file entry_31.txt (compact mmCIF, C-alpha atoms and all ligand atoms)
# COMPACT_ATOMS: atom_id res chain seq x y z
CA MET A 1 14.45 23.20 -9.48
CA THR A 2 14.00 21.14 -6.31
CA GLU A 3 13.12 17.54 -6.95
CA GLU A 4 9.83 16.29 -5.59
CA VAL A 5 9.90 14.03 -2.54
CA LEU A 6 7.66 11.27 -1.27
CA TYR A 7 6.98 10.00 2.21
CA LEU A 8 7.32 6.22 2.19
CA ASP A 9 7.20 4.08 5.27
CA ARG A 10 8.06 0.61 4.02
CA VAL A 11 8.46 -1.64 1.01
CA LEU A 12 7.97 -5.38 1.46
CA TRP A 13 8.56 -8.39 -0.73
CA PRO A 14 7.17 -10.96 -1.51
CA VAL A 15 3.65 -9.92 -0.55
CA THR A 16 0.90 -12.37 -1.55
CA ALA A 17 -1.88 -11.06 0.71
CA LEU A 18 -2.56 -7.85 -1.25
CA GLY A 19 -3.22 -9.07 -4.77
CA PRO A 20 -2.34 -12.08 -6.95
CA GLY A 21 1.18 -13.41 -7.32
CA ASN A 22 4.40 -12.46 -5.56
CA ARG A 23 4.19 -8.69 -5.30
CA VAL A 24 6.15 -5.72 -4.12
CA ALA A 25 4.02 -3.72 -1.69
CA LEU A 26 4.74 -0.14 -0.84
CA TRP A 27 3.20 1.79 2.08
CA VAL A 28 3.16 5.56 1.83
CA SER A 29 3.00 7.70 4.93
CA GLY A 30 0.42 10.39 5.66
CA CYS A 31 -3.39 10.26 5.67
CA ARG A 32 -5.81 12.99 6.70
CA ARG A 33 -8.93 10.86 6.63
CA ARG A 34 -8.66 9.28 10.09
CA CYS A 35 -11.14 6.42 9.46
CA LEU A 36 -12.31 4.92 12.76
CA GLY A 37 -10.65 1.51 13.21
CA CYS A 38 -7.99 2.12 10.51
CA ALA A 39 -5.50 -0.78 10.53
CA ASN A 40 -2.52 1.52 9.93
CA PRO A 41 -2.89 4.54 12.23
CA GLU A 42 0.90 4.67 12.57
CA LEU A 43 0.92 5.89 8.96
CA TRP A 44 -1.32 8.92 9.49
CA GLU A 45 1.56 11.28 10.27
CA ARG A 46 4.54 11.85 8.01
CA ARG A 47 7.95 11.84 9.59
CA PRO A 48 11.20 13.42 8.32
CA GLY A 49 12.92 10.04 8.17
CA GLN A 50 10.34 8.76 5.67
CA LYS A 51 11.27 11.36 3.07
CA ILE A 52 12.75 10.05 -0.19
CA LEU A 53 13.46 11.69 -3.55
CA VAL A 54 11.19 10.55 -6.39
CA SER A 55 14.22 9.45 -8.47
CA LYS A 56 15.60 7.45 -5.56
CA ALA A 57 12.25 5.75 -4.97
CA ALA A 58 12.07 4.83 -8.67
CA ASP A 59 15.63 3.43 -8.59
CA PHE A 60 14.77 1.48 -5.47
CA LEU A 61 11.71 -0.11 -7.11
CA ASP A 62 13.70 -0.87 -10.27
CA ARG A 63 16.32 -2.65 -8.24
CA ILE A 64 13.74 -4.87 -6.52
CA TRP A 65 12.09 -5.54 -9.88
CA ARG A 66 15.42 -6.56 -11.47
CA GLU A 67 16.44 -8.74 -8.57
CA LYS A 68 13.11 -10.35 -7.67
CA ASN A 69 11.01 -10.41 -10.85
CA PRO A 70 7.73 -9.57 -9.05
CA GLU A 71 4.33 -10.25 -10.57
CA GLY A 72 2.74 -7.01 -9.43
CA LEU A 73 2.98 -3.84 -7.39
CA THR A 74 0.56 -2.84 -4.62
CA ILE A 75 0.55 0.74 -3.34
CA THR A 76 -1.22 1.41 -0.05
CA GLY A 77 -0.69 3.45 3.07
CA GLY A 78 -1.53 5.96 4.38
CA GLU A 79 -3.23 7.68 1.50
CA PRO A 80 -1.42 7.23 -1.85
CA PHE A 81 -3.48 9.92 -3.58
CA ASP A 82 -2.34 12.60 -1.11
CA GLN A 83 1.05 12.16 -2.83
CA ALA A 84 -0.38 11.58 -6.28
CA GLY A 85 2.05 13.80 -8.22
CA GLY A 86 5.14 12.18 -6.71
CA LEU A 87 3.85 8.63 -7.01
CA ALA A 88 2.82 9.15 -10.64
CA LYS A 89 6.34 10.40 -11.35
CA VAL A 90 7.87 7.38 -9.61
CA LEU A 91 5.86 5.08 -11.87
CA GLU A 92 6.82 7.16 -14.91
CA CYS A 93 10.54 7.17 -14.01
CA SER A 94 10.63 3.49 -13.09
CA LYS A 95 11.74 1.12 -15.82
CA ALA A 96 10.02 -1.80 -14.13
CA SER A 97 7.29 -3.58 -16.01
CA TRP A 98 4.81 -4.65 -13.35
CA GLY A 99 2.31 -7.37 -14.15
CA ASP A 100 -0.29 -5.05 -12.67
CA VAL A 101 -0.40 -2.05 -10.35
CA LEU A 102 -3.02 -2.12 -7.57
CA ILE A 103 -3.64 1.11 -5.64
CA TYR A 104 -5.72 1.52 -2.49
CA THR A 105 -7.38 4.82 -1.65
CA GLY A 106 -9.80 6.23 0.90
CA TYR A 107 -11.14 8.62 -1.75
CA LYS A 108 -13.90 7.69 -4.14
CA ARG A 109 -12.89 7.28 -7.77
CA GLU A 110 -15.17 10.15 -8.78
CA GLU A 111 -13.25 12.49 -6.44
CA LEU A 112 -9.92 11.40 -7.93
CA LEU A 113 -11.10 12.21 -11.43
CA ARG A 114 -11.77 15.83 -10.44
CA ASP A 115 -8.09 16.55 -9.64
CA PRO A 116 -5.49 16.44 -12.46
CA TYR A 117 -2.67 15.05 -10.28
CA ARG A 118 -4.86 12.38 -8.74
CA LYS A 119 -6.31 11.52 -12.11
CA ALA A 120 -2.77 11.08 -13.52
CA LEU A 121 -1.99 8.51 -10.82
CA LEU A 122 -5.37 6.84 -11.21
CA LEU A 123 -4.63 6.28 -14.89
CA LYS A 124 -1.52 4.31 -13.95
CA ALA A 125 -3.51 1.84 -11.84
CA ASP A 126 -4.65 -1.45 -13.34
CA VAL A 127 -6.77 -2.03 -10.26
CA LEU A 128 -8.17 0.59 -7.90
CA ILE A 129 -9.81 -0.15 -4.54
CA ASP A 130 -11.59 2.99 -3.40
CA GLY A 131 -13.60 4.47 -0.55
CA PRO A 132 -13.14 5.06 3.17
CA TYR A 133 -12.81 2.22 5.64
CA ILE A 134 -16.03 1.75 7.63
CA GLU A 135 -15.42 -0.39 10.69
CA GLU A 136 -19.02 -1.70 10.99
CA ARG A 137 -18.83 -2.91 7.40
CA ASN A 138 -15.62 -4.92 7.84
CA ASN A 139 -16.93 -8.22 6.59
CA PRO A 140 -14.76 -11.27 5.80
CA SER A 141 -16.62 -11.68 2.51
CA ALA A 142 -15.09 -8.37 1.36
CA VAL A 143 -11.92 -9.95 -0.04
CA LEU A 144 -9.02 -7.54 -0.69
CA ARG A 145 -11.16 -4.78 0.89
CA GLY A 146 -11.23 -3.55 4.48
CA SER A 147 -14.98 -2.91 4.37
CA GLU A 148 -17.70 -3.93 1.96
CA ASN A 149 -18.50 -0.34 0.88
CA GLN A 150 -15.13 -0.19 -0.88
CA ARG A 151 -15.26 -0.82 -4.62
CA ILE A 152 -12.85 -2.55 -6.99
CA PHE A 153 -12.23 -1.17 -10.48
CA PHE A 154 -10.33 -3.21 -13.06
CA ARG A 155 -8.58 -1.83 -16.11
CA ASP A 156 -9.73 -4.72 -18.33
CA ALA A 157 -11.49 -8.07 -18.34
CA GLN A 158 -8.26 -10.05 -18.27
CA THR A 159 -7.09 -8.32 -15.09
CA GLU A 160 -10.51 -8.80 -13.52
CA LYS A 161 -10.44 -12.53 -14.33
CA ARG A 162 -7.04 -12.93 -12.68
CA TYR A 163 -8.16 -11.06 -9.57
CA ARG A 164 -11.52 -12.86 -9.30
CA LYS A 165 -9.68 -16.18 -9.27
CA TYR A 166 -7.34 -14.95 -6.54
CA MET A 167 -10.27 -13.57 -4.53
CA GLU A 168 -11.97 -16.98 -4.47
CA GLU A 169 -9.37 -17.93 -1.83
CA GLY A 170 -10.76 -15.32 0.61
CA ARG A 171 -8.84 -12.83 2.70
CA GLN A 172 -5.19 -13.58 3.27
CA ILE A 173 -2.80 -12.58 6.03
CA GLN A 174 1.00 -12.76 6.02
CA ASN A 175 3.33 -12.09 8.91
CA PHE A 176 6.66 -10.49 8.09
CA VAL A 177 9.64 -10.15 10.36
CA TYR A 178 10.51 -6.54 9.78
CA ASP A 179 13.28 -4.72 11.57
CA TYR A 180 13.18 -7.25 14.44
CA GLN A 181 9.40 -6.94 14.81
CA ILE A 182 6.37 -8.79 13.51
CA LEU A 183 4.32 -6.96 10.91
CA SER A 184 0.98 -8.51 9.95
CA VAL A 185 0.06 -7.75 6.33
CA GLY A 186 -3.26 -8.28 4.53
CA ILE A 187 -6.91 -7.50 5.11
CA HIS A 188 -7.72 -8.06 8.76
CA GLN A 189 -10.94 -8.42 10.67
CA ARG A 190 -11.71 -5.68 13.16
CA GLY A 191 -8.75 -5.08 15.46
CA GLU A 192 -7.08 -8.28 14.26
CA ARG A 193 -3.83 -6.75 13.05
CA LEU A 194 -2.71 -5.18 16.32
CA SER A 195 -3.70 -8.21 18.38
CA ALA A 196 -1.90 -10.57 15.95
CA GLU A 197 1.26 -8.47 16.21
CA ALA A 198 1.00 -8.19 20.01
CA GLU A 199 0.59 -11.97 20.23
CA ALA A 200 3.63 -12.44 18.02
CA GLY A 201 5.74 -10.29 20.27
CA ARG A 202 5.53 -6.70 19.11
CA PRO A 203 5.39 -4.41 22.15
CA SER A 204 1.96 -2.79 22.43
CA GLY A 205 1.73 0.60 20.77
CA GLN A 206 5.20 0.36 19.21
CA THR A 207 5.19 1.11 15.52
CA GLU A 208 7.89 0.91 12.92
CA SER A 209 7.25 4.54 11.99
CA GLY A 210 8.38 5.52 15.46
CA ARG A 211 11.93 4.56 14.58
CA ASN A 212 12.34 7.66 12.45
CA ARG A 213 14.18 5.53 9.90
CA ARG A 214 16.12 7.27 7.15
CA TRP A 215 15.78 5.83 3.64
CA GLU A 216 19.31 6.96 2.76
CA ASN A 217 20.67 4.33 5.14
CA GLU A 218 18.36 1.51 4.18
CA GLY A 219 19.41 -1.43 2.11
CA GLY A 220 15.77 -2.15 1.35
CA GLN A 221 13.68 -5.21 1.96
CA LYS A 222 14.98 -8.50 0.69
S1 LIG A 301 -7.98 6.15 4.27
FE1 LIG A 301 -6.92 4.24 4.76
S2 LIG A 301 -5.02 4.85 5.82
FE2 LIG A 301 -6.42 6.62 5.81
S3 LIG A 301 -7.46 6.50 7.79
FE3 LIG A 301 -8.78 5.49 6.25
S4 LIG A 301 -8.19 3.33 6.36
FE4 LIG A 301 -6.58 4.49 7.38
call {"tool": "encode", "arguments": {"input": "entry_31.txt", "output": "structure tokens", "more": "lines below"}}
Ligand code: SF4
result
Amino acid sequence: MTEEVLYLDRVLWPVTALGPGNRVALWVSGCRRRCLGCANPELWERRPGQKILVSKAADFLDRIWREKNPEGLTITGGEPFDQAGGLAKVLECSKASWGDVLIYTGYKREELLRDPYRKALLLKADVLIDGPYIEERNNPSAVLRGSENQRIFFRDAQTEKRYRKYMEEGRQIQNFVYDYQILSVGIHQRGERLSAEAEAGRPSGQTESGRNRRWENEGGQK
């Protein structure tokens, strides 16, 4: 039987702008929703070089977990729930014990519950941030969310308490040097991400996805 594959664009560490603590953040590739003003349009299309076996992705996450001792895992994209089966398997195969798993989605939670594969991934999330990005509703008071229509669901009161405390600090932005380019990570105001990266020296319109990187040759983010 052929092993399932995922399309992953990047894994970064330590990310503090997408949830509490020092986290591993993983960006999947591929999204059919095409929200106007999406901060990551370079992740709409999947590319052959982003393909990775589920077992290899799980090993990769385990290695980062062993070496870095992260406090959480954030999965974003792209649309994670368009690869729900593969991502759920990665989390099942991984031996890592994440403090919490936060997953972003453009779907509404109710839609996810109607599909068995999406529901299986949803059940692995400690925190879910759902709903499409609506540019006109991008409001700085919507911490951890791109627009204020998006909702946050917590697995339990303890997780909610930890997140509420983190969210008191407001939106956060981090700049990473990634493959000789600047990558701005976090929840941005309208158009802020691309202008921040352009200001920091990334050539306009150039995206890391365009490199057609192959996971087999990557040493991973350190
Ligand atoms: S769901 Fe997310 S990744 Fe997809 S277009 Fe909307 S904002 Fe962009």
call {"tool": "closest_atom_pairs", "arguments": {"input": "entry_31.txt", "of": "chain A", "to": "ligand LIG 301 (chain A)", "cutoff": "8 Å", "atoms": "all atoms listed in the file", "output": "JSON lines"}}
result
{"residue": "A:Gly30", "atom": "CA", "partner": "A:LIG301", "partner_atom": "S2", "distance": 7.8}
{"residue": "A:Cys31", "atom": "CA", "partner": "A:LIG301", "partner_atom": "FE2", "distance": 4.7}
{"residue": "A:Arg32", "atom": "CA", "partner": "A:LIG301", "partner_atom": "FE2", "distance": 6.5}
{"residue": "A:Arg33", "atom": "CA", "partner": "A:LIG301", "partner_atom": "S3", "distance": 4.7}
{"residue": "A:Arg34", "atom": "CA", "partner": "A:LIG301", "partner_atom": "S3", "distance": 3.8}
{"residue": "A:Cys35", "atom": "CA", "partner": "A:LIG301", "partner_atom": "S3", "distance": 4.0}
{"residue": "A:Leu36", "atom": "CA", "partner": "A:LIG301", "partner_atom": "S3", "distance": 7.1}
{"residue": "A:Gly37", "atom": "CA", "partner": "A:LIG301", "partner_atom": "S4", "distance": 7.5}
{"residue": "A:Cys38", "atom": "CA", "partner": "A:LIG301", "partner_atom": "FE4", "distance": 4.2}
{"residue": "A:Ala39", "atom": "CA", "partner": "A:LIG301", "partner_atom": "FE4", "distance": 6.2}
{"residue": "A:Asn40", "atom": "CA", "partner": "A:LIG301", "partner_atom": "FE4", "distance": 5.6}
{"residue": "A:Pro41", "atom": "CA", "partner": "A:LIG301", "partner_atom": "FE4", "distance": 6.1}
{"residue": "A:Leu43", "atom": "CA", "partner": "A:LIG301", "partner_atom": "S2", "distance": 6.8}
{"residue": "A:Trp44", "atom": "CA", "partner": "A:LIG301", "partner_atom": "S2", "distance": 6.6}
{"residue": "A:Thr76", "atom": "CA", "partner": "A:LIG301", "partner_atom": "S2", "distance": 7.8}
{"residue": "A:Gly77", "atom": "CA", "partner": "A:LIG301", "partner_atom": "S2", "distance": 5.3}
{"residue": "A:Gly78", "atom": "CA", "partner": "A:LIG301", "partner_atom": "S2", "distance": 3.9}
{"residue": "A:Glu79", "atom": "CA", "partner": "A:LIG301", "partner_atom": "S2", "distance": 5.5}
{"residue": "A:Tyr104", "atom": "CA", "partner": "A:LIG301", "partner_atom": "FE1", "distance": 7.8}
{"residue": "A:Thr105", "atom": "CA", "partner": "A:LIG301", "partner_atom": "S1", "distance": 6.1}
{"residue": "A:Gly106", "atom": "CA", "partner": "A:LIG301", "partner_atom": "S1", "distance": 3.8}
{"residue": "A:Tyr107", "atom": "CA", "partner": "A:LIG301", "partner_atom": "S1", "distance": 7.2}
{"residue": "A:Gly131", "atom": "CA", "partner": "A:LIG301", "partner_atom": "S1", "distance": 7.6}
{"residue": "A:Pro132", "atom": "CA", "partner": "A:LIG301", "partner_atom": "FE3", "distance": 5.4}
{"residue": "A:Tyr133", "atom": "CA", "partner": "A:LIG301", "partner_atom": "S4", "distance": 4.8}
{"residue": "A:Gly146", "atom": "CA", "partner": "A:LIG301", "partner_atom": "S4", "distance": 7.8}
call {"tool": "residues_around", "arguments": {"input": "entry_31.txt", "residues": "Ala17 (chain A)", "least_positions_apart": "4", "cutoff": "6 Å", "atoms": "only C-alpha atoms", "output": "JSON, numbers by chain"}}
result
{"A": [172, 173, 186]}
call {"tool": "closest_residue", "arguments": {"input": "entry_31.txt", "among": "A:Ala125, A:Ile75, A:Val5, A:Leu53", "to": "Val28 (chain A)", "atoms": "all atoms listed in the file"}}
result
A:Ile75
call {"tool": "closest_residue", "arguments": {"input": "entry_31.txt", "among": "A:Val90, A:Ala84, A:Leu121, A:Trp13", "to": "Asp59 (chain A)", "atoms": "only C-alpha atoms"}}
result
A:Val90
call {"tool": "closest_residue", "arguments": {"input": "entry_31.txt", "among": "A:Glu136, A:Glu111, A:Glu92, A:Glu42", "to": "Asp62 (chain A)", "atoms": "only C-alpha atoms"}}
result
A:Glu92
call {"tool": "atom_distance", "arguments": {"input": "entry_31.txt", "atom1": "CA of Ile103 (chain A)", "atom2": "CA of Ala25 (chain A)"}}
result
9.9 Å
call {"tool": "atom_distance", "arguments": {"input": "entry_31.txt", "atom1": "CA of Met167 (chain A)", "atom2": "CA of Leu12 (chain A)"}}
result
20.9 Å
call {"tool": "atom_distance", "arguments": {"input": "entry_31.txt", "atom1": "CA of Pro80 (chain A)", "atom2": "CA of Ser94 (chain A)"}}
result
16.9 Å
call {"tool": "residues_around", "arguments": {"input": "entry_31.txt", "residues": "Arg162 (chain A)", "least_positions_apart": "6", "cutoff": "10 Å", "atoms": "all atoms listed in the file", "output": "PyMOL selection string"}}
result
chain A and resi 19-21
call {"tool": "closest_residue", "arguments": {"input": "entry_31.txt", "among": "A:Ala57, A:Ala120, A:Ala142, A:Val185", "to": "Pro14 (chain A)", "atoms": "all atoms listed in the file"}}
result
A:Val185
call {"tool": "residues_near_point", "arguments": {"input": "entry_31.txt", "point": "(6.8, 2.6, 0.3)", "cutoff": "8 Å", "atoms": "only C-alpha atoms", "output": "ChimeraX atom specification"}}
result
/A:7-11,25-29,75
call {"tool": "residues_around", "arguments": {"input": "entry_31.txt", "residues": "Gly99 (chain A)", "least_positions_apart": "4", "cutoff": "9 Å", "atoms": "all atoms listed in the file", "output": "PyMOL selection string"}}
result
chain A and resi 70-73
call {"tool": "write_last_selection", "arguments": {"input": "entry_31.txt", "atoms": "C-alpha atoms", "output": "PDB file, keeping the file's coordinate frame"}}
result
ATOM      1  CA  PRO A  70       7.730  -9.570  -9.050  1.00  0.00           C
ATOM      2  CA  GLU A  71       4.330 -10.250 -10.570  1.00  0.00           C
ATOM      3  CA  GLY A  72       2.740  -7.010  -9.430  1.00  0.00           C
ATOM      4  CA  LEU A  73       2.980  -3.840  -7.390  1.00  0.00           C
TER       5      LEU A  73
END
call {"tool": "closest_residue", "arguments": {"input": "entry_31.txt", "among": "A:Asp100, A:Glu4, A:Asp82, A:Glu135", "to": "Asn149 (chain A)", "atoms": "only C-alpha atoms"}}
result
A:Glu135
call {"tool": "closest_residue", "arguments": {"input": "entry_31.txt", "among": "A:Ser55, A:Thr16, A:Gln83, A:Gln50", "to": "Thr2 (chain A)", "atoms": "all atoms listed in the file"}}
result
A:Ser55
call {"tool": "decode", "arguments": {"input": "entry_31.txt", "residues": "region 140-163 of chain A", "atoms": "N, CA and C atoms", "output": "JSON list (two decimals), in the first residue's frame"}}
result
[["chain", "number", "residue", "atom", "x", "y", "z"],
["A", 140, "PRO", "N", -6.99, 44.82, 15.22],
["A", 140, "PRO", "CA", -5.90, 44.49, 16.16],
["A", 140, "PRO", "C", -6.39, 43.88, 17.47],
["A", 141, "SER", "N", -7.65, 44.12, 17.82],
["A", 141, "SER", "CA", -8.14, 43.54, 19.08],
["A", 141, "SER", "C", -8.40, 42.03, 18.93],
["A", 142, "ALA", "N", -8.40, 41.54, 17.70],
["A", 142, "ALA", "CA", -8.59, 40.10, 17.47],
["A", 142, "ALA", "C", -7.23, 39.41, 17.61],
["A", 143, "VAL", "N", -6.83, 39.15, 18.85],
["A", 143, "VAL", "CA", -5.50, 38.58, 19.11],
["A", 143, "VAL", "C", -5.52, 37.10, 18.70],
["A", 144, "LEU", "N", -4.44, 36.68, 18.07],
["A", 144, "LEU", "CA", -4.26, 35.31, 17.56],
["A", 144, "LEU", "C", -5.14, 35.02, 16.35],
["A", 145, "ARG", "N", -6.02, 35.96, 15.98],
["A", 145, "ARG", "CA", -6.93, 35.74, 14.85],
["A", 145, "ARG", "C", -6.69, 36.80, 13.78],
["A", 146, "GLY", "N", -6.84, 36.40, 12.52],
["A", 146, "GLY", "CA", -6.66, 37.35, 11.43],
["A", 146, "GLY", "C", -7.81, 38.32, 11.35],
["A", 147, "SER", "N", -9.01, 37.86, 11.64],
["A", 147, "SER", "CA", -10.18, 38.75, 11.60],
["A", 147, "SER", "C", -11.13, 38.37, 12.73],
["A", 148, "GLU", "N", -11.91, 39.34, 13.17],
["A", 148, "GLU", "CA", -12.67, 39.14, 14.42],
["A", 148, "GLU", "C", -13.83, 38.16, 14.29],
["A", 149, "ASN", "N", -14.19, 37.76, 13.06],
["A", 149, "ASN", "CA", -15.23, 36.73, 12.90],
["A", 149, "ASN", "C", -14.72, 35.36, 13.29],
["A", 150, "GLN", "N", -13.40, 35.18, 13.30],
["A", 150, "GLN", "CA", -12.84, 33.85, 13.60],
["A", 150, "GLN", "C", -13.00, 33.55, 15.09],
["A", 151, "ARG", "N", -13.30, 32.29, 15.38],
["A", 151, "ARG", "CA", -13.60, 31.90, 16.77],
["A", 151, "ARG", "C", -12.47, 31.03, 17.33],
["A", 152, "ILE", "N", -12.35, 31.06, 18.65],
["A", 152, "ILE", "CA", -11.34, 30.22, 19.32],
["A", 152, "ILE", "C", -12.07, 29.20, 20.20],
["A", 153, "PHE", "N", -11.72, 27.93, 20.00],
["A", 153, "PHE", "CA", -12.29, 26.86, 20.84],
["A", 153, "PHE", "C", -11.16, 26.23, 21.64],
["A", 154, "PHE", "N", -11.40, 26.07, 22.94],
["A", 154, "PHE", "CA", -10.39, 25.48, 23.82],
["A", 154, "PHE", "C", -10.86, 24.11, 24.29],
["A", 155, "ARG", "N", -9.90, 23.19, 24.41],
["A", 155, "ARG", "CA", -10.26, 21.85, 24.87],
["A", 155, "ARG", "C", -10.77, 21.87, 26.31],
["A", 156, "ASP", "N", -10.11, 22.68, 27.17],
["A", 156, "ASP", "CA", -10.51, 22.70, 28.58],
["A", 156, "ASP", "C", -10.19, 24.07, 29.20],
["A", 157, "ALA", "N", -10.65, 24.24, 30.41],
["A", 157, "ALA", "CA", -10.53, 25.53, 31.09],
["A", 157, "ALA", "C", -9.06, 25.90, 31.35],
["A", 158, "GLN", "N", -8.26, 24.89, 31.62],
["A", 158, "GLN", "CA", -6.85, 25.16, 31.92],
["A", 158, "GLN", "C", -6.13, 25.72, 30.68],
["A", 159, "THR", "N", -6.42, 25.11, 29.53],
["A", 159, "THR", "CA", -5.83, 25.59, 28.28],
["A", 159, "THR", "C", -6.32, 27.01, 28.00],
["A", 160, "GLU", "N", -7.60, 27.23, 28.20],
["A", 160, "GLU", "CA", -8.16, 28.57, 27.94],
["A", 160, "GLU", "C", -7.48, 29.62, 28.83],
["A", 161, "LYS", "N", -7.26, 29.27, 30.08],
["A", 161, "LYS", "CA", -6.64, 30.22, 31.02],
["A", 161, "LYS", "C", -5.22, 30.61, 30.53],
["A", 162, "ARG", "N", -4.49, 29.60, 30.10],
["A", 162, "ARG", "CA", -3.12, 29.84, 29.62],
["A", 162, "ARG", "C", -3.14, 30.75, 28.38],
["A", 163, "TYR", "N", -4.05, 30.48, 27.49],
["A", 163, "TYR", "CA", -4.15, 31.28, 26.26],
["A", 163, "TYR", "C", -4.65, 32.70, 26.56]]
